[in-house]
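Next comes target.cif, a file with mmCIF, C-alpha atoms.
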```cif
data_protein
#
loop_
_atom_site.label_atom_id
_atom_site.label_comp_id
_atom_site.auth_asym_id
_atom_site.auth_seq_id
_atom_site.Cartn_x
_atom_site.Cartn_y
_atom_site.Cartn_z
CA MET A 1 10.38 8.87 -11.18
CA SER A 2 8.47 10.78 -8.57
CA THR A 3 9.01 10.18 -4.90
CA LEU A 4 5.43 8.86 -4.62
CA ASN A 5 6.42 6.07 -7.00
CA ASP A 6 9.55 5.38 -5.01
CA TYR A 7 7.46 5.13 -1.87
CA LEU A 8 4.84 2.85 -3.42
CA LEU A 9 7.59 0.69 -4.90
CA HIS A 10 9.26 0.45 -1.49
CA LEU A 11 6.04 -0.97 -0.04
CA ALA A 12 5.40 -3.20 -3.07
CA ASP A 13 8.96 -4.52 -3.27
CA ASN A 14 8.90 -5.36 0.44
CA ALA A 15 5.78 -7.44 -0.13
CA VAL A 16 6.90 -9.20 -3.31
CA VAL A 17 10.39 -10.05 -2.03
CA LEU A 18 9.18 -11.51 1.25
CA GLY A 19 6.35 -13.28 -0.56
CA GLN A 20 8.81 -14.86 -2.98
CA ARG A 21 11.23 -15.76 -0.18
CA ASN A 22 8.61 -17.42 1.99
CA ALA A 23 7.21 -19.27 -1.03
CA GLU A 24 10.44 -21.30 -1.02
CA TRP A 25 8.90 -23.29 1.82
CA CYS A 26 5.91 -24.29 -0.29
CA GLY A 27 5.88 -28.08 -0.35
CA HIS A 28 8.82 -28.20 2.09
CA GLY A 29 7.25 -26.96 5.32
CA PRO A 30 8.09 -28.67 8.59
CA VAL A 31 4.58 -30.14 8.82
CA LEU A 32 1.65 -30.12 6.40
CA GLU A 33 -0.42 -27.64 8.44
CA GLU A 34 2.49 -25.21 8.67
CA ASP A 35 3.29 -25.58 4.99
CA LEU A 36 -0.21 -24.36 4.16
CA ALA A 37 -0.06 -21.59 6.75
CA LEU A 38 3.14 -20.14 5.33
CA ALA A 39 1.92 -20.47 1.74
CA ASN A 40 -1.13 -18.45 2.81
CA VAL A 41 1.15 -15.77 4.25
CA SER A 42 3.13 -15.73 1.01
CA LEU A 43 0.02 -15.34 -1.10
CA ASP A 44 -1.14 -12.46 1.12
CA HIS A 45 2.16 -10.70 0.44
CA ILE A 46 2.01 -11.32 -3.30
CA GLY A 47 -1.58 -10.03 -3.28
CA GLN A 48 -0.47 -6.87 -1.47
CA ALA A 49 2.38 -6.44 -3.96
CA ARG A 50 0.01 -6.73 -6.91
CA LEU A 51 -2.30 -4.02 -5.59
CA LEU A 52 0.64 -1.72 -4.88
CA TYR A 53 2.29 -2.34 -8.28
CA GLN A 54 -1.02 -1.74 -10.05
CA HIS A 55 -1.38 1.53 -8.18
CA ALA A 56 2.22 2.53 -8.92
CA ALA A 57 1.75 1.65 -12.61
CA ALA A 58 -1.33 3.86 -12.75
CA VAL A 59 0.59 6.73 -11.15
CA ILE A 60 3.53 6.29 -13.56
CA GLY A 61 1.20 6.03 -16.56
CA GLY A 62 2.31 5.22 -20.10
CA ASP A 63 2.99 1.54 -20.66
CA ALA A 64 3.86 0.81 -17.03
CA SER A 65 2.22 -2.33 -15.66
CA GLU A 66 2.41 -4.48 -12.54
CA ASP A 67 4.27 -7.19 -14.48
CA LYS A 68 6.85 -4.75 -15.82
CA LEU A 69 7.47 -3.38 -12.35
CA ALA A 70 7.81 -6.81 -10.78
CA TYR A 71 9.60 -8.72 -13.53
CA PHE A 72 11.57 -6.22 -15.58
CA ARG A 73 13.40 -4.08 -13.05
CA GLU A 74 16.98 -4.82 -12.02
CA PRO A 75 18.08 -5.55 -8.42
CA HIS A 76 19.39 -2.02 -7.85
CA GLU A 77 15.95 -0.65 -8.76
CA PHE A 78 14.26 -2.63 -6.00
CA ARG A 79 13.41 -0.64 -2.87
CA ASN A 80 12.80 -3.43 -0.31
CA TYR A 81 14.43 -3.68 3.09
CA THR A 82 17.57 -5.84 2.97
CA LEU A 83 16.09 -7.93 5.82
CA LEU A 84 13.47 -9.37 3.50
CA GLU A 85 15.80 -10.69 0.79
CA LEU A 86 18.06 -12.75 3.09
CA PRO A 87 17.92 -16.55 2.74
CA HIS A 88 16.20 -18.68 5.37
CA ARG A 89 19.38 -19.29 7.32
CA GLY A 90 22.16 -17.70 9.27
CA PRO A 91 25.02 -15.64 7.84
CA LEU A 92 27.93 -17.08 5.85
CA VAL A 93 26.19 -20.19 4.59
CA GLY A 94 25.34 -21.36 1.12
CA TYR A 95 22.10 -21.94 -0.71
CA ALA A 96 21.38 -25.63 -0.11
CA ALA A 97 17.64 -25.99 0.34
CA ALA A 98 18.20 -28.69 2.96
CA ASP A 99 19.77 -26.10 5.27
CA ARG A 100 16.70 -23.91 5.50
CA ASP A 101 16.05 -22.88 9.08
CA TYR A 102 12.46 -22.31 10.15
CA ALA A 103 13.51 -20.19 13.12
CA THR A 104 15.03 -17.66 10.70
CA THR A 105 11.80 -17.61 8.71
CA ILE A 106 9.69 -17.08 11.81
CA VAL A 107 11.92 -14.41 13.36
CA ARG A 108 11.98 -12.39 10.13
CA ASN A 109 8.21 -12.65 9.70
CA PHE A 110 7.78 -11.54 13.29
CA LEU A 111 10.12 -8.52 13.05
CA TYR A 112 8.58 -7.37 9.78
CA SER A 113 4.91 -7.97 10.56
CA ALA A 114 5.34 -6.26 13.95
CA LEU A 115 6.35 -3.16 12.00
CA MET A 116 3.80 -3.53 9.22
CA VAL A 117 0.73 -3.76 11.47
CA MET A 118 1.71 -0.30 12.70
CA VAL A 119 2.52 0.99 9.20
CA TRP A 120 -0.70 -0.29 7.59
CA ASP A 121 -2.70 1.03 10.53
CA LYS A 122 -1.35 4.55 9.95
CA LEU A 123 -1.57 4.28 6.17
CA GLN A 124 -5.33 3.83 6.45
CA SER A 125 -5.46 7.60 6.82
CA SER A 126 -3.04 8.31 3.95
CA SER A 127 -4.00 11.22 1.71
CA ASP A 128 -3.62 8.77 -1.18
CA GLU A 129 -7.05 7.11 -1.12
CA THR A 130 -6.00 4.05 -3.08
CA LEU A 131 -3.10 3.46 -0.72
CA ALA A 132 -5.43 3.92 2.26
CA ALA A 133 -7.74 1.23 0.87
CA ILE A 134 -4.84 -1.16 0.25
CA ALA A 135 -3.68 -0.50 3.83
CA ALA A 136 -7.09 -1.38 5.28
CA LYS A 137 -7.09 -4.71 3.45
CA SER A 138 -3.45 -5.45 4.25
CA LEU A 139 -3.85 -4.65 7.95
CA LYS A 140 -6.14 -7.66 8.48
CA GLU A 141 -3.75 -9.97 6.68
CA THR A 142 -0.69 -8.63 8.46
CA SER A 143 -2.37 -8.89 11.87
CA TYR A 144 -2.69 -12.59 11.21
CA HIS A 145 0.94 -12.83 10.04
CA LEU A 146 2.03 -11.21 13.31
CA HIS A 147 -0.14 -13.56 15.33
CA HIS A 148 1.25 -16.58 13.49
CA ALA A 149 4.92 -15.55 13.75
CA ARG A 150 4.69 -14.36 17.34
CA ASP A 151 3.02 -17.58 18.42
CA TRP A 152 5.74 -19.69 16.80
CA LEU A 153 8.55 -17.49 18.08
CA ILE A 154 7.35 -18.00 21.65
CA ARG A 155 6.99 -21.76 21.10
CA LEU A 156 10.48 -22.04 19.60
CA GLY A 157 12.17 -19.77 22.13
CA ASP A 158 10.45 -21.37 25.09
CA GLY A 159 10.64 -24.87 23.59
CA THR A 160 13.46 -27.39 23.53
CA GLU A 161 17.14 -26.63 24.01
CA GLU A 162 17.72 -26.85 20.26
CA SER A 163 14.71 -24.74 19.25
CA HIS A 164 15.74 -22.11 21.79
CA ALA A 165 19.31 -22.02 20.46
CA ARG A 166 18.16 -21.73 16.85
CA ALA A 167 15.61 -19.02 17.65
CA GLN A 168 18.24 -17.04 19.55
CA ALA A 169 20.71 -17.43 16.66
CA ALA A 170 18.07 -16.16 14.23
CA VAL A 171 17.32 -13.15 16.46
CA ASN A 172 21.03 -12.35 16.73
CA HIS A 173 21.41 -12.63 12.96
CA LEU A 174 18.35 -10.67 11.84
CA LEU A 175 17.75 -7.98 14.45
CA PRO A 176 20.61 -5.73 13.20
CA TYR A 177 18.88 -5.54 9.80
CA THR A 178 15.86 -3.88 11.41
CA GLU A 179 17.99 -0.76 12.01
CA GLU A 180 17.13 0.06 8.41
CA PHE A 181 13.52 0.69 9.51
CA TRP A 182 14.57 3.71 11.56
CA THR A 183 16.61 5.74 9.08
CA SER A 184 14.31 7.64 6.71
CA SER A 185 15.07 7.60 3.00
CA GLU A 186 14.41 10.63 0.82
CA ALA A 187 11.33 8.93 -0.64
CA GLU A 188 9.97 8.23 2.83
CA ARG A 189 10.53 11.80 4.01
CA ALA A 190 8.82 13.18 0.89
CA ALA A 191 5.89 10.79 1.32
CA VAL A 192 5.48 11.83 4.96
CA ALA A 193 5.63 15.53 4.01
CA ALA A 194 2.92 14.96 1.38
CA GLY A 195 0.64 13.21 3.88
CA VAL A 196 0.92 9.99 1.86
CA GLY A 197 3.39 7.99 3.91
CA VAL A 198 4.11 6.98 7.49
CA ASP A 199 6.86 8.41 9.68
CA VAL A 200 8.35 4.98 10.45
CA PRO A 201 11.05 6.16 12.93
CA ALA A 202 8.22 7.54 15.09
CA LEU A 203 6.92 3.97 15.47
CA ARG A 204 10.13 2.75 17.03
CA ALA A 205 9.10 2.92 20.69
CA ASP A 206 5.92 0.91 20.05
CA TRP A 207 7.80 -1.62 17.92
CA ASP A 208 10.54 -1.96 20.56
CA ALA A 209 7.93 -2.58 23.25
CA LEU A 210 6.26 -5.33 21.22
CA VAL A 211 9.58 -6.96 20.30
CA ASN A 212 10.98 -6.79 23.84
CA GLU A 213 7.81 -8.14 25.38
CA THR A 214 7.69 -11.03 22.88
CA LEU A 215 11.37 -11.90 23.26
CA ALA A 216 10.94 -11.94 27.04
CA GLU A 217 7.97 -14.28 26.77
CA ALA A 218 10.01 -16.47 24.43
CA THR A 219 12.87 -16.49 27.00
CA LEU A 220 15.16 -14.95 24.35
CA THR A 221 17.56 -12.05 24.80
CA ARG A 222 17.87 -9.01 22.62
CA PRO A 223 21.42 -8.53 21.33
CA ASP A 224 23.18 -5.17 21.42
CA PHE A 225 23.73 -3.67 18.03
CA GLN A 226 26.51 -1.57 16.63
CA GLY A 227 27.61 -1.51 13.04
CA TYR A 228 26.61 -1.14 9.43
CA ILE A 229 23.02 -0.16 8.75
CA THR A 230 21.68 -1.73 5.56
CA GLU A 231 20.15 0.41 2.81
CA GLY A 232 18.10 -1.93 0.65
CA LYS A 233 15.31 0.61 0.46
CA VAL A 234 17.49 2.98 -1.57
CA GLY A 235 18.63 0.17 -3.87
CA LEU A 236 21.84 -0.93 -2.11
CA HIS A 237 21.25 -4.64 -1.64
CA SER A 238 23.00 -7.77 -0.46
CA GLU A 239 24.08 -10.32 -3.07
CA HIS A 240 21.05 -12.45 -2.19
CA LEU A 241 18.51 -10.27 -3.99
CA SER A 242 19.91 -11.06 -7.45
CA PHE A 243 19.47 -14.79 -6.92
CA LEU A 244 15.96 -14.30 -5.61
CA LEU A 245 14.97 -12.08 -8.54
CA GLY A 246 16.70 -14.40 -10.99
CA GLU A 247 14.33 -17.14 -9.96
CA MET A 248 11.28 -14.88 -9.72
CA GLN A 249 11.83 -13.02 -13.00
CA GLY A 250 13.33 -15.80 -15.13
CA LEU A 251 10.11 -17.15 -16.59
CA ALA A 252 8.62 -13.76 -17.42
CA ARG A 253 11.85 -12.70 -19.12
CA ALA A 254 12.25 -15.94 -21.08
CA HIS A 255 8.68 -15.73 -22.34
CA PRO A 256 7.66 -12.05 -22.43
CA ASN A 257 3.91 -11.48 -22.49
CA ALA A 258 3.22 -15.18 -22.03
CA SER A 259 -0.08 -16.02 -20.41
CA TRP A 260 -1.23 -19.21 -18.75
CA MET B 1 16.70 -31.79 8.74
CA THR B 2 18.92 -33.22 11.43
CA THR B 3 16.10 -33.54 13.92
CA LYS B 4 12.71 -35.15 13.51
CA PRO B 5 9.71 -32.90 14.05
CA ALA B 6 7.81 -33.79 17.17
CA LEU B 7 4.79 -34.73 15.07
CA LYS B 8 4.29 -38.02 16.84
CA ASP B 9 3.86 -36.06 20.07
CA TRP B 10 1.21 -33.77 18.60
CA PRO B 11 -2.31 -34.94 19.35
CA LEU B 12 -5.00 -35.19 16.71
CA TRP B 13 -7.83 -32.62 16.59
CA GLU B 14 -11.19 -32.75 14.86
CA VAL B 15 -12.22 -29.59 13.02
CA PHE B 16 -15.76 -28.29 12.68
CA VAL B 17 -16.56 -25.30 10.48
CA ARG B 18 -19.73 -23.23 10.29
CA SER B 19 -20.07 -22.09 6.70
CA LYS B 20 -22.35 -19.14 7.47
CA GLN B 21 -24.36 -17.53 10.22
CA GLY B 22 -27.41 -19.58 11.16
CA LEU B 23 -26.07 -22.91 9.92
CA GLU B 24 -24.57 -25.53 12.19
CA HIS B 25 -20.90 -26.43 12.51
CA LYS B 26 -20.01 -29.37 10.32
CA HIS B 27 -17.15 -31.78 10.68
CA CYS B 28 -14.68 -31.15 7.87
CA GLY B 29 -11.53 -33.02 8.83
CA SER B 30 -8.73 -33.39 11.33
CA LEU B 31 -5.18 -32.18 11.90
CA HIS B 32 -2.20 -32.49 14.22
CA ALA B 33 -1.35 -29.59 16.55
CA ALA B 34 0.48 -29.09 19.82
CA ASP B 35 -2.46 -27.48 21.66
CA ALA B 36 -5.97 -26.13 21.16
CA GLY B 37 -4.91 -22.61 20.22
CA GLN B 38 -2.51 -23.83 17.59
CA ALA B 39 -5.09 -26.29 16.31
CA LEU B 40 -7.52 -23.40 15.81
CA HIS B 41 -4.96 -21.42 13.81
CA MET B 42 -4.00 -24.39 11.72
CA ALA B 43 -7.65 -25.19 11.08
CA ARG B 44 -8.06 -21.64 9.79
CA ASP B 45 -5.17 -22.14 7.39
CA VAL B 46 -6.03 -25.66 6.29
CA TYR B 47 -9.83 -25.59 6.10
CA THR B 48 -11.00 -21.99 5.55
CA ARG B 49 -8.65 -20.72 2.86
CA ARG B 50 -11.44 -20.52 0.31
CA GLN B 51 -13.94 -18.64 2.46
CA GLU B 52 -15.49 -21.85 3.73
CA GLY B 53 -16.33 -20.52 7.15
CA VAL B 54 -17.27 -17.87 9.67
CA SER B 55 -16.60 -19.93 12.79
CA ILE B 56 -14.36 -22.86 13.71
CA TRP B 57 -14.46 -25.40 16.53
CA VAL B 58 -11.64 -27.80 17.31
CA LEU B 59 -11.72 -30.59 19.82
CA PRO B 60 -9.32 -33.36 20.74
CA SER B 61 -10.08 -36.49 18.76
CA SER B 62 -9.49 -38.44 21.97
CA ALA B 63 -12.57 -36.74 23.48
CA ILE B 64 -14.83 -38.44 20.97
CA THR B 65 -16.47 -41.72 21.90
CA ALA B 66 -17.51 -43.40 18.68
CA SER B 67 -19.95 -46.19 18.00
CA ASN B 68 -18.39 -49.54 17.27
CA PRO B 69 -18.70 -50.70 13.63
CA ASP B 70 -19.06 -54.29 14.92
CA GLU B 71 -22.24 -53.28 16.75
CA LYS B 72 -23.74 -51.70 13.64
CA GLY B 73 -26.44 -54.37 13.48
CA GLU B 74 -27.86 -53.94 16.97
CA PHE B 75 -27.31 -50.15 16.93
CA PHE B 76 -28.93 -49.15 13.68
CA ASP B 77 -30.80 -51.96 11.94
CA PRO B 78 -33.77 -52.09 14.36
CA ALA B 79 -34.76 -48.57 13.20
CA ALA B 80 -35.12 -49.70 9.61
CA ASP B 81 -38.74 -50.92 9.82
CA LYS B 82 -40.15 -48.22 12.13
CA ILE B 83 -41.66 -46.13 9.40
CA TYR B 84 -44.11 -44.54 11.88
CA ARG B 85 -41.22 -42.64 13.44
CA HIS B 86 -40.94 -40.48 10.35
CA PRO B 87 -43.30 -37.50 10.50
CA THR B 88 -44.51 -38.12 6.98
CA PHE B 89 -48.16 -38.68 7.91
CA TYR B 90 -48.89 -35.05 8.64
CA GLU B 91 -50.12 -32.45 6.23
CA ILE B 92 -48.03 -29.33 6.69
CA PRO B 93 -49.86 -26.05 6.04
CA GLU B 94 -48.42 -24.02 3.17
CA GLU B 95 -47.70 -20.99 5.35
CA VAL B 96 -45.29 -22.98 7.52
CA GLY B 97 -42.93 -23.15 4.57
CA HIS B 98 -39.90 -25.38 4.35
CA MET B 99 -39.14 -27.48 7.44
#
```

What is this file in structure tokens?
Amino acid sequence: MSTLNDYLLHLADNAVVLGQRNAEWCGHGPVLEEDLALANVSLDHIGQARLLYQHAAAVIGGDASEDKLAYFREPHEFRNYTLLELPHRGPLVGYAAADRDYATTIVRNFLYSALMVMVWDKLQSSSDETLAAIAAKSLKETSYHLHHARDWLIRLGDGTEESHARAQAAVNHLLPYTEEFWTSSEAERAAVAAGVGVDVPALRADWDALVNETLAEATLTRPDFQGYITEGKVGLHSEHLSFLLGEMQGLARAHPNASW
Amino acid sequence: MTTKPALKDWPLWEVFVRSKQGLEHKHCGSLHAADAGQALHMARDVYTRRQEGVSIWVLPSSAITASNPDEKGEFFDPAADKIYRHPTFYEIPEEVGHM
């Protein structure tokens, strides 16, 4: 596989994994209005993933297709950030749906969309014209995702004692995973050199400013970080991705080429 | 969930959507939200997912003073036999078009 494919798959896998993860809230949202809002965000991500997989399939050629890329690759072939595959709860807890924590959902959506508004903005001038067009469409969607998550993060952080504690716990849990943004993979470096991709580490100061300003407004503190930097984007994932893909891919694998 | 959402504390908002430029805003429903800004965002997500609108208004339901159904008779029935209030006795020139 070429590095362009790896780069496109990184973007596509990010979108499909977070879309699938957030879709777990569908029908279980804290209130009806918020249930619909998050389902909309999920569908935006799945829409972005489809466009990116279609583009990647065209670049790969042969019998590659968006469905094959989404449903018939194994966990180690996925190139998404580890942050996006984590369950909607803190570390060291199980999978019970009743334990889902909305603060975790919101904090992750905030951290990721804060990055992606900057990434899509830059990708609008990618030398890959199809990618540039996908970026222009995605930027509008992601701007709304950022608005939505930022608004809720401030409400939760600056809310009740319990909402503050849960928002702070989610920040402490998830922020270390964003370190993965700032270490370039080989595919990212090649995409930048070819004028296709974005130099993500160069966005760090702007991202930090946005995150720090939002956390301050939410009366939350930013934890210090030292330790292991995750590498989901080169295929080294947490155990959570297999479960997520098992659910997402199960139907397509049980009934190949089914249509409905 | 160990804690109840504060839904009972969230006021009700009425949502008005303008389907396209030049048309008026029309009432399309209501929702619960903590404040006006949040109500606007939720209205976007609940009522304009299928390209229903280009503009949204929200206003607190409590700001609406509604007519009383019990007074329907005195409020509306007297208009029933005032046919001369309808401008149907005029000939409208063709070039005016649809009014």

At most 8 Å is the cut-off: for each residue in chain A with any atom that close to an atom of chain B, write down the nearest atom pair and the distance in Å rounded to one decimal, counting only C-alpha atoms, chain first then increasing number, as JSON lines.
```
{"residue": "A:Pro30", "atom": "CA", "partner": "B:Pro5", "partner_atom": "CA", "distance": 7.1}
{"residue": "A:Val31", "atom": "CA", "partner": "B:Leu7", "partner_atom": "CA", "distance": 7.8}
{"residue": "A:Glu33", "atom": "CA", "partner": "B:Met42", "partner_atom": "CA", "distance": 5.8}
{"residue": "A:Glu34", "atom": "CA", "partner": "B:Met42", "partner_atom": "CA", "distance": 7.2}
{"residue": "A:Leu36", "atom": "CA", "partner": "B:Asp45", "partner_atom": "CA", "distance": 6.3}
{"residue": "A:Ala37", "atom": "CA", "partner": "B:Asp45", "partner_atom": "CA", "distance": 5.2}
{"residue": "A:Asn40", "atom": "CA", "partner": "B:Asp45", "partner_atom": "CA", "distance": 7.1}
{"residue": "A:Ala98", "atom": "CA", "partner": "B:Met1", "partner_atom": "CA", "distance": 6.7}
{"residue": "A:Asp99", "atom": "CA", "partner": "B:Met1", "partner_atom": "CA", "distance": 7.3}
{"residue": "A:His148", "atom": "CA", "partner": "B:His41", "partner_atom": "CA", "distance": 7.9}
```

**OP:** Return as number ranges by chain the set of residues that the PyMOL selection byres ((chain A and resi 62-73) around 12) yields on the displayed structure.
**Re:** A: 1, 5-6, 8-10, 12-17, 20, 46-61, 74-79, 235, 242, 244-259

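Within 12 Å of the point (7.7, -12.7, 24.2) in file coordinates, and counting all atoms listed in the file, lie the residues Val107, Phe110, His147, Ala149, Arg150, Asp151, Trp152, Leu153, Ile154, Arg155, Leu156, Gly157, Asp158, Asp208, Ala209, Leu210, Val211, Asn212, Glu213, Thr214, Leu215, Ala216, Glu217, Ala218, Thr219, Leu220, Thr221 and Arg222 of chain A.
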
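Here CA of Val198 in chain A is placed at a distance of 17.9 Å from CA of Lys140 in chain A.
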
**OP:** Choose the residue, out of A:Asn80, A:Thr105, A:Thr230, A:Thr160, that has the smallest atom-to-atom separation from Thr183 in chain A; count all atoms listed in the file.
**Re:** A:Thr230

Original post:
Please, what distance in Å, to one decimal, runs between CA of Leu175 in chain A and CA of Cys26 in chain A?
Top reply: 25.0 Å

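The spacing separating CA of Gly159 in chain A from CA of Leu139 in chain A amounts to 29.4 Å.
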
Could you list, as a PDB file with C-alpha atoms, in the frame of the given file, every residue matched by the PyMOL selection byres ((chain B and resi 53) around 10) in this structure?
```pdb
ATOM      1  CA  PHE B  16     -15.760 -28.290  12.680  1.00  0.00           C
ATOM      2  CA  VAL B  17     -16.560 -25.300  10.480  1.00  0.00           C
ATOM      3  CA  ARG B  18     -19.730 -23.230  10.290  1.00  0.00           C
ATOM      4  CA  SER B  19     -20.070 -22.090   6.700  1.00  0.00           C
ATOM      5  CA  LYS B  20     -22.350 -19.140   7.470  1.00  0.00           C
ATOM      6  CA  GLN B  21     -24.360 -17.530  10.220  1.00  0.00           C
ATOM      7  CA  HIS B  25     -20.900 -26.430  12.510  1.00  0.00           C
ATOM      8  CA  ARG B  44      -8.060 -21.640   9.790  1.00  0.00           C
ATOM      9  CA  TYR B  47      -9.830 -25.590   6.100  1.00  0.00           C
ATOM     10  CA  THR B  48     -11.000 -21.990   5.550  1.00  0.00           C
ATOM     11  CA  ARG B  49      -8.650 -20.720   2.860  1.00  0.00           C
ATOM     12  CA  ARG B  50     -11.440 -20.520   0.310  1.00  0.00           C
ATOM     13  CA  GLN B  51     -13.940 -18.640   2.460  1.00  0.00           C
ATOM     14  CA  GLU B  52     -15.490 -21.850   3.730  1.00  0.00           C
ATOM     15  CA  VAL B  54     -17.270 -17.870   9.670  1.00  0.00           C
ATOM     16  CA  SER B  55     -16.600 -19.930  12.790  1.00  0.00           C
ATOM     17  CA  ILE B  56     -14.360 -22.860  13.710  1.00  0.00           C
TER      18      ILE B  56
END
```

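Within 7 Å of Ile229 in chain A, once only C-alpha atoms are used and residues closer than 5 positions along the same chain are dropped, the contacting residues are Tyr177, Glu179 and Glu180 of chain A.
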
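Considering all atoms listed in the file, the residue among A:Trp182, A:His237, A:Arg21, A:Thr104 positioned nearest to Pro91 in chain A is A:Thr104.
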
Just so the selection is clear, what residues does the PyMOL selection byres ((chain B and resi 63) around 12) cover here, as a compact mmCIF listing (two decimals) with C-alpha atoms, keeping the file's coordinate frame?
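The resulting file, part24.txt, is shown below:
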```
# COMPACT_ATOMS: atom_id res chain seq x y z
CA PRO B 11 -2.31 -34.94 19.35
CA LEU B 12 -5.00 -35.19 16.71
CA TRP B 13 -7.83 -32.62 16.59
CA GLU B 14 -11.19 -32.75 14.86
CA VAL B 58 -11.64 -27.80 17.31
CA LEU B 59 -11.72 -30.59 19.82
CA PRO B 60 -9.32 -33.36 20.74
CA SER B 61 -10.08 -36.49 18.76
CA SER B 62 -9.49 -38.44 21.97
CA ILE B 64 -14.83 -38.44 20.97
CA THR B 65 -16.47 -41.72 21.90
CA ALA B 66 -17.51 -43.40 18.68
```
